[in-house]
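The file my_file-v9.txt contains compact mmCIF, C-alpha atoms and all ligand atoms:
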```
# COMPACT_ATOMS: atom_id res chain seq x y z
CA MET A 23 6.66 -25.07 -1.38
CA ASN A 24 6.84 -22.80 -4.41
CA ASN A 25 9.84 -20.73 -5.49
CA ASN A 26 8.00 -18.42 -7.85
CA PHE A 27 7.91 -14.70 -7.14
CA ILE A 28 5.27 -12.71 -5.36
CA GLY A 29 4.66 -9.89 -7.85
CA VAL A 30 4.08 -6.51 -6.23
CA PHE A 31 3.30 -3.19 -7.87
CA ASP A 32 2.58 0.41 -6.96
CA SER A 33 2.62 3.84 -8.57
CA GLY A 34 6.14 4.42 -7.26
CA LEU A 35 7.93 4.25 -3.96
CA GLY A 36 4.98 3.87 -1.61
CA GLY A 37 4.47 0.17 -2.25
CA LEU A 38 7.82 -0.44 -0.61
CA THR A 39 6.07 -0.02 2.75
CA VAL A 40 4.02 -3.05 1.72
CA VAL A 41 7.16 -4.93 0.59
CA LYS A 42 8.64 -4.15 4.01
CA SER A 43 5.67 -5.84 5.69
CA LEU A 44 5.74 -8.76 3.23
CA ILE A 45 9.42 -9.40 3.98
CA GLU A 46 8.89 -9.12 7.74
CA THR A 47 5.98 -11.55 7.56
CA MET A 48 7.44 -13.95 4.96
CA PRO A 49 11.24 -13.60 4.96
CA SER A 50 11.79 -16.56 2.62
CA GLU A 51 9.64 -15.38 -0.25
CA ASN A 52 11.11 -14.22 -3.57
CA ILE A 53 9.65 -10.84 -4.47
CA ILE A 54 9.56 -8.84 -7.66
CA TYR A 55 8.48 -5.20 -7.44
CA PHE A 56 7.43 -2.74 -10.10
CA GLY A 57 7.11 0.98 -9.32
CA ASP A 58 5.37 3.01 -12.05
CA ILE A 59 7.38 6.13 -11.27
CA ALA A 60 6.75 7.52 -14.75
CA HIS A 61 3.11 8.03 -13.76
CA VAL A 62 3.18 8.68 -10.01
CA PRO A 63 0.97 9.88 -8.34
CA TYR A 64 -2.13 7.84 -9.14
CA GLY A 65 -4.17 9.39 -6.35
CA THR A 66 -5.03 12.58 -8.23
CA ARG A 67 -5.87 10.91 -11.56
CA SER A 68 -9.10 9.73 -13.20
CA ARG A 69 -10.41 6.17 -12.90
CA GLU A 70 -9.73 5.53 -16.61
CA GLN A 71 -6.15 6.72 -16.37
CA ILE A 72 -5.43 4.79 -13.19
CA THR A 73 -6.90 1.61 -14.71
CA GLU A 74 -4.79 1.98 -17.85
CA TYR A 75 -1.58 2.36 -15.84
CA VAL A 76 -2.47 -0.50 -13.51
CA MET A 77 -3.00 -2.86 -16.44
CA GLN A 78 0.46 -1.92 -17.77
CA ASP A 79 1.95 -2.69 -14.34
CA VAL A 80 0.21 -6.06 -14.31
CA SER A 81 1.38 -6.97 -17.84
CA PHE A 82 4.96 -6.19 -16.89
CA LEU A 83 4.88 -8.48 -13.86
CA GLN A 84 3.16 -11.22 -15.85
CA LYS A 85 6.38 -11.66 -17.85
CA PHE A 86 7.90 -13.30 -14.78
CA SER A 87 7.05 -16.53 -13.00
CA ILE A 88 4.76 -15.22 -10.31
CA LYS A 89 2.56 -17.19 -7.93
CA ALA A 90 0.61 -14.22 -6.55
CA MET A 91 -0.05 -10.60 -7.46
CA VAL A 92 -0.11 -7.93 -4.75
CA ILE A 93 -1.64 -4.54 -5.56
CA ALA A 94 0.52 -2.56 -3.13
CA CYS A 95 -1.27 0.72 -3.78
CA ASN A 96 -4.51 1.72 -2.15
CA THR A 97 -5.52 3.88 -5.08
CA ALA A 98 -4.87 1.15 -7.66
CA ASP A 99 -6.65 -1.41 -5.50
CA SER A 100 -9.67 0.85 -4.90
CA ILE A 101 -10.13 1.57 -8.58
CA ALA A 102 -8.91 -1.39 -10.59
CA ARG A 103 -9.03 -4.48 -8.37
CA LYS A 104 -11.65 -6.22 -10.51
CA ARG A 105 -9.74 -5.66 -13.73
CA VAL A 106 -6.56 -7.04 -12.18
CA GLU A 107 -8.39 -10.16 -11.00
CA GLU A 108 -9.89 -10.68 -14.45
CA SER A 109 -6.47 -10.58 -16.10
CA CYS A 110 -4.56 -12.77 -13.62
CA SER A 111 -4.48 -16.54 -13.35
CA VAL A 112 -2.74 -16.33 -9.95
CA PRO A 113 -4.31 -15.19 -6.65
CA VAL A 114 -4.63 -11.40 -6.41
CA PHE A 115 -4.27 -9.54 -3.09
CA GLY A 116 -4.95 -5.91 -2.38
CA VAL A 117 -4.41 -3.61 0.57
CA VAL A 118 -7.94 -2.28 1.03
CA GLU A 119 -9.96 -5.39 1.93
CA PRO A 120 -7.68 -6.75 4.71
CA ALA A 121 -7.34 -3.35 6.41
CA ALA A 122 -11.06 -2.69 6.12
CA ARG A 123 -11.88 -6.09 7.59
CA TYR A 124 -9.46 -5.70 10.48
CA ALA A 125 -10.83 -2.24 11.28
CA ALA A 126 -14.43 -3.46 11.03
CA GLU A 127 -13.76 -6.38 13.35
CA THR A 128 -11.65 -4.64 15.99
CA THR A 129 -13.43 -1.30 16.49
CA LYS A 130 -15.16 -1.03 19.85
CA ASN A 131 -17.38 1.96 19.18
CA ASN A 132 -18.03 1.34 15.44
CA LYS A 133 -16.54 4.71 14.47
CA ILE A 134 -13.78 4.20 11.93
CA GLY A 135 -11.71 6.85 10.21
CA VAL A 136 -9.98 6.34 6.86
CA ILE A 137 -7.39 8.66 5.40
CA ALA A 138 -6.31 8.19 1.80
CA THR A 139 -5.80 9.86 -1.57
CA ASN A 140 -8.61 11.67 -3.40
CA ALA A 141 -9.15 8.78 -5.79
CA THR A 142 -9.35 6.20 -2.99
CA VAL A 143 -11.80 8.24 -0.93
CA ASN A 144 -13.95 9.08 -3.96
CA SER A 145 -14.11 5.40 -4.97
CA GLY A 146 -15.86 4.55 -1.69
CA ALA A 147 -13.92 1.26 -1.63
CA TYR A 148 -13.01 1.43 2.05
CA LYS A 149 -16.50 2.42 3.13
CA THR A 150 -18.05 -0.43 1.15
CA ALA A 151 -15.56 -2.99 2.46
CA ILE A 152 -15.84 -1.86 6.11
CA GLU A 153 -19.65 -1.89 6.00
CA LYS A 154 -19.57 -5.38 4.47
CA TYR A 155 -17.75 -6.70 7.56
CA ASN A 156 -19.52 -4.48 10.08
CA PRO A 157 -22.94 -3.13 9.05
CA HIS A 158 -23.05 -1.00 12.23
CA ALA A 159 -19.85 0.84 11.37
CA GLN A 160 -19.85 4.54 10.69
CA VAL A 161 -17.03 5.36 8.29
CA TYR A 162 -15.44 8.80 8.18
CA ALA A 163 -13.19 9.03 5.13
CA VAL A 164 -10.97 12.05 4.56
CA ALA A 165 -8.84 12.71 1.49
CA CYS A 166 -5.40 14.04 2.40
CA PRO A 167 -3.81 15.12 -0.90
CA LEU A 168 -0.96 17.05 0.73
CA LEU A 169 0.46 14.07 2.59
CA VAL A 170 2.01 12.13 -0.32
CA PRO A 171 4.08 15.14 -1.53
CA LEU A 172 5.13 15.97 2.04
CA VAL A 173 6.36 12.42 2.63
CA GLU A 174 8.14 12.33 -0.74
CA GLU A 175 9.91 15.56 0.24
CA GLY A 176 11.14 13.86 3.40
CA ARG A 177 8.85 15.95 5.63
CA PHE A 178 7.50 13.10 7.74
CA ARG A 179 9.42 13.34 11.00
CA ARG A 180 8.02 14.38 14.34
CA GLY A 181 8.87 18.05 14.90
CA ASP A 182 8.16 19.11 11.29
CA GLU A 183 5.74 21.91 12.11
CA VAL A 184 4.23 22.16 8.64
CA THR A 185 3.42 18.46 8.40
CA GLU A 186 2.15 18.36 11.98
CA ARG A 187 -0.19 21.23 11.22
CA VAL A 188 -1.44 19.66 7.98
CA VAL A 189 -2.02 16.29 9.66
CA ALA A 190 -3.82 17.92 12.60
CA GLU A 191 -6.13 19.76 10.21
CA TYR A 192 -6.99 16.64 8.22
CA LEU A 193 -7.62 14.61 11.36
CA GLU A 194 -9.67 17.23 13.21
CA PRO A 195 -13.08 16.07 11.85
CA LEU A 196 -12.22 12.44 12.65
CA LYS A 197 -11.29 13.38 16.19
CA ARG A 198 -14.51 15.30 16.58
CA ALA A 199 -16.44 12.27 15.31
CA GLY A 200 -14.89 10.21 18.13
CA ILE A 201 -13.25 7.50 16.02
CA ASP A 202 -11.48 4.72 17.92
CA THR A 203 -9.84 3.23 14.80
CA LEU A 204 -8.00 4.89 11.93
CA VAL A 205 -7.01 3.14 8.69
CA LEU A 206 -3.93 4.45 6.94
CA GLY A 207 -5.38 3.96 3.46
CA CYS A 208 -2.30 5.06 1.56
CA THR A 209 1.11 3.48 1.19
CA HIS A 210 2.93 6.67 2.24
CA TYR A 211 1.20 7.21 5.55
CA PRO A 212 3.06 4.61 7.66
CA LEU A 213 6.02 6.99 7.51
CA LEU A 214 3.82 9.54 9.28
CA MET A 215 2.92 7.12 12.08
CA ASP A 216 4.50 9.26 14.83
CA ILE A 217 2.84 12.50 13.74
CA ILE A 218 -0.51 10.82 13.14
CA GLY A 219 -0.31 8.97 16.46
CA ASP A 220 0.36 12.25 18.29
CA ALA A 221 -2.62 13.89 16.56
CA VAL A 222 -5.12 11.16 17.55
CA PRO A 223 -3.92 9.74 20.87
CA GLY A 224 -5.60 6.54 21.99
CA VAL A 225 -6.84 5.69 18.51
CA ASN A 226 -5.95 2.27 17.06
CA ILE A 227 -4.03 2.96 13.85
CA ILE A 228 -4.07 0.31 11.11
CA ASN A 229 -1.29 0.03 8.55
CA SER A 230 -2.86 -1.44 5.40
CA GLY A 231 0.49 -2.95 4.33
CA GLU A 232 0.72 -5.00 7.52
CA THR A 233 -2.80 -6.38 7.32
CA ALA A 234 -2.26 -7.22 3.63
CA ALA A 235 0.96 -9.10 4.39
CA ARG A 236 -0.78 -11.20 7.05
CA LEU A 237 -3.51 -12.16 4.59
CA VAL A 238 -1.01 -13.05 1.84
CA LYS A 239 0.84 -15.34 4.26
CA THR A 240 -2.35 -17.08 5.43
CA GLU A 241 -3.62 -17.60 1.89
CA LEU A 242 -0.33 -18.84 0.43
CA GLU A 243 -0.10 -21.34 3.27
CA ALA A 244 -3.71 -22.42 2.76
CA LYS A 245 -2.95 -23.06 -0.92
CA GLY A 246 0.32 -24.80 -0.09
CA ILE A 247 2.34 -22.42 -2.26
CA GLU A 248 4.32 -20.61 0.43
CA ASN A 249 8.11 -20.62 0.52
CA ARG A 250 9.34 -21.43 4.01
CA GLU A 251 12.95 -22.41 3.53
CA ASN A 252 14.89 -20.17 1.24
CA PRO A 253 18.25 -19.03 2.61
CA ASN A 254 18.83 -16.61 -0.29
CA PRO A 255 15.53 -15.00 -1.21
CA VAL A 256 15.62 -13.13 -4.53
CA ARG A 257 14.32 -9.57 -4.57
CA ARG A 258 14.13 -7.53 -7.78
CA TYR A 259 13.00 -3.91 -8.05
CA PHE A 260 12.00 -2.38 -11.41
CA VAL A 261 11.06 1.18 -12.32
CA ASN A 262 10.17 2.79 -15.65
CA ASP A 263 11.91 6.17 -15.31
CA SER A 264 15.13 7.52 -13.85
CA LYS A 265 15.95 5.24 -10.93
CA ASP A 266 18.07 7.75 -8.98
CA GLU A 267 15.30 9.27 -6.86
CA PHE A 268 13.76 5.86 -6.27
CA GLU A 269 17.05 4.43 -5.13
CA LYS A 270 17.73 7.44 -2.95
CA HIS A 271 14.44 7.28 -1.06
CA ALA A 272 13.79 3.53 -1.08
CA SER A 273 15.40 2.92 2.30
CA LEU A 274 13.02 5.37 4.00
CA PHE A 275 10.02 3.38 2.81
CA MET A 276 11.64 -0.02 3.38
CA GLY A 277 13.18 0.83 6.73
CA ARG A 278 16.51 -0.47 5.38
CA SER A 279 18.46 -0.36 2.13
CA LEU A 280 17.42 -2.47 -0.84
CA GLU A 281 19.20 -5.81 -1.20
CA THR A 282 19.93 -5.26 -4.90
CA ALA A 283 20.31 -2.48 -7.45
CA VAL A 284 17.13 -1.06 -8.98
CA GLU A 285 16.57 -2.01 -12.63
CA GLN A 286 15.23 0.56 -15.07
CA VAL A 287 12.98 -0.75 -17.85
CA GLU A 288 10.73 0.58 -20.58
CA VAL A 289 7.13 -0.43 -20.08
N1 LIG A 301 0.42 4.49 -3.61
C1 LIG A 301 -0.66 5.45 -3.50
C2 LIG A 301 -1.72 4.92 -2.55
O1 LIG A 301 -1.48 4.07 -1.73
C3 LIG A 301 -0.16 6.81 -3.05
C4 LIG A 301 0.67 7.53 -4.10
C5 LIG A 301 -0.11 7.85 -5.35
O2 LIG A 301 -1.04 8.68 -5.29
O3 LIG A 301 0.22 7.26 -6.37
O4 LIG A 301 -2.85 5.35 -2.63
```

Target format structure tokens, applied to this file:
Amino acid sequence: MNNNFIGVFDSGLGGLTVVKSLIETMPSENIIYFGDIAHVPYGTRSREQITEYVMQDVSFLQKFSIKAMVIACNTADSIARKRVEESCSVPVFGVVEPAARYAAETTKNNKIGVIATNATVNSGAYKTAIEKYNPHAQVYAVACPLLVPLVEEGRFRRGDEVTERVVAEYLEPLKRAGIDTLVLGCTHYPLLMDIIGDAVPGVNIINSGETAARLVKTELEAKGIENRENPNPVRRYFVNDSKDEFEKHASLFMGRSLETAVEQVEV
């Protein structure tokens, strides 16, 4: 039993899809979230720039009593995982490894698609992780740079013809390759689940936030530092720029409104 926070960070709003999964999986845990909205998006930036921002995110969360660090951003995890581990004395969890492992172990035909930001795809992190768990896997990774802005503009609902068209175009090569499993390698994509599901019927779609949450739960329990009985879990949400947009859109990513007001800080 450990009351300390699970520290969670992302480039902005997207990591809230991971928080959603963490809360569903571990409702008693205290969670502190930092969204680097001053520098979103990470997915179009250089490795150096992403690493610099990620280390700032980590330093901010290290000011609190945290028992685990969750990199709730596929781009940050793909690029800077090692650096985060080196600078943390608590267990570090990412979103890439658990999703990659689940995909590698559950595919039936060894053909796995991954959709993600430019930076994540270019890093090769998913391909490397999937092949580690399944050397027979063929990985088809496609960068989908238009999807984050479309989701942030609220264009993620079934029936949005523009988004449906864009998704269909991105997924066409994966369909042709005959994938049976598709990893949503970006925090924003779970909001597109309906449109993506329609575009690749019959394909097993993996939400990297959900697989990450399951791993965090298992590991905290294995270390005996989980929090099982906590009738009033504390949740704090920090951002480093105007909080209005974040507050406005947070419920879409969380699937419900935030429990507390967002706090704006200078980092
Ligand atoms: N959170 C990022 C990810 O999961 C998407 C948004 C961004 O590019 O910063 O890759």

- For Asn25 in chain A, which of A:Ala272, A:Glu281, A:Pro255, A:Leu193 is the closest residue, counting all atoms listed in the file? A:Pro255

- Task: Would you mind listing what lies within 7 Å of Ala126 in chain A as a VMD selection string, with only C-alpha atoms counted and same-chain residues fewer than 6 positions away left out?
- Result: chain A and resid 152 155 to 156 159

- Message: Please identify all protein, DNA and RNA residues within 7 Å of ligand LIG 301 (chain A), counting only C-alpha atoms and all ligand atoms, and report them as a VMD selection string.
- Response: chain A and resid 32 to 34 36 to 37 62 to 66 95 to 98 138 to 139 142 170 207 to 210

- Query: Between A:Glu70, A:Glu288, A:Asp79, A:Asp216, which is the closest to Phe178 in chain A once you count only C-alpha atoms?
  - Reply: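 Going through A:Glu70, A:Glu288, A:Asp79, A:Asp216 one by one, the smallest distance to Phe178 in chain A is for A:Asp216.
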
- What does the distance from CA of Phe82 in chain A to CA of Arg258 in chain A come to in Å, to one decimal? 13.0 Å

Can you take the partial range 141-154 of chain A, add N, CA, C and O atoms, and return it as a JSON list (two decimals), keeping the file's coordinate frame?
```json
[["chain", "number", "residue", "atom", "x", "y", "z"],
["A", 141, "ALA", "N", -8.54, 9.84, -4.97],
["A", 141, "ALA", "CA", -9.15, 8.78, -5.79],
["A", 141, "ALA", "C", -9.67, 7.65, -4.91],
["A", 141, "ALA", "O", -10.76, 7.11, -5.15],
["A", 142, "THR", "N", -8.91, 7.29, -3.88],
["A", 142, "THR", "CA", -9.35, 6.20, -2.99],
["A", 142, "THR", "C", -10.61, 6.59, -2.24],
["A", 142, "THR", "O", -11.57, 5.82, -2.17],
["A", 143, "VAL", "N", -10.61, 7.80, -1.69],
["A", 143, "VAL", "CA", -11.80, 8.24, -0.93],
["A", 143, "VAL", "C", -13.01, 8.32, -1.86],
["A", 143, "VAL", "O", -14.09, 7.81, -1.56],
["A", 144, "ASN", "N", -12.82, 8.92, -3.04],
["A", 144, "ASN", "CA", -13.95, 9.08, -3.96],
["A", 144, "ASN", "C", -14.50, 7.74, -4.45],
["A", 144, "ASN", "O", -15.67, 7.63, -4.78],
["A", 145, "SER", "N", -13.65, 6.73, -4.49],
["A", 145, "SER", "CA", -14.11, 5.40, -4.97],
["A", 145, "SER", "C", -15.08, 4.76, -3.97],
["A", 145, "SER", "O", -15.87, 3.89, -4.35],
["A", 146, "GLY", "N", -14.99, 5.16, -2.71],
["A", 146, "GLY", "CA", -15.86, 4.55, -1.69],
["A", 146, "GLY", "C", -15.46, 3.12, -1.34],
["A", 146, "GLY", "O", -16.19, 2.41, -0.63],
["A", 147, "ALA", "N", -14.30, 2.67, -1.81],
["A", 147, "ALA", "CA", -13.92, 1.26, -1.63],
["A", 147, "ALA", "C", -13.78, 0.89, -0.16],
["A", 147, "ALA", "O", -14.23, -0.19, 0.26],
["A", 148, "TYR", "N", -13.17, 1.75, 0.62],
["A", 148, "TYR", "CA", -13.01, 1.43, 2.05],
["A", 148, "TYR", "C", -14.35, 1.38, 2.76],
["A", 148, "TYR", "O", -14.62, 0.47, 3.55],
["A", 149, "LYS", "N", -15.18, 2.37, 2.48],
["A", 149, "LYS", "CA", -16.50, 2.42, 3.13],
["A", 149, "LYS", "C", -17.29, 1.14, 2.83],
["A", 149, "LYS", "O", -17.83, 0.50, 3.72],
["A", 150, "THR", "N", -17.31, 0.77, 1.56],
["A", 150, "THR", "CA", -18.05, -0.43, 1.15],
["A", 150, "THR", "C", -17.50, -1.66, 1.85],
["A", 150, "THR", "O", -18.27, -2.49, 2.37],
["A", 151, "ALA", "N", -16.16, -1.79, 1.87],
["A", 151, "ALA", "CA", -15.56, -2.99, 2.46],
["A", 151, "ALA", "C", -15.78, -3.03, 3.98],
["A", 151, "ALA", "O", -16.09, -4.08, 4.54],
["A", 152, "ILE", "N", -15.65, -1.89, 4.64],
["A", 152, "ILE", "CA", -15.84, -1.86, 6.11],
["A", 152, "ILE", "C", -17.29, -2.21, 6.45],
["A", 152, "ILE", "O", -17.56, -3.04, 7.33],
["A", 153, "GLU", "N", -18.23, -1.63, 5.71],
["A", 153, "GLU", "CA", -19.65, -1.89, 6.00],
["A", 153, "GLU", "C", -20.03, -3.34, 5.71],
["A", 153, "GLU", "O", -20.95, -3.88, 6.32],
["A", 154, "LYS", "N", -19.30, -3.96, 4.77],
["A", 154, "LYS", "CA", -19.57, -5.38, 4.47],
["A", 154, "LYS", "C", -19.26, -6.24, 5.72],
["A", 154, "LYS", "O", -19.99, -7.15, 6.05]]
```
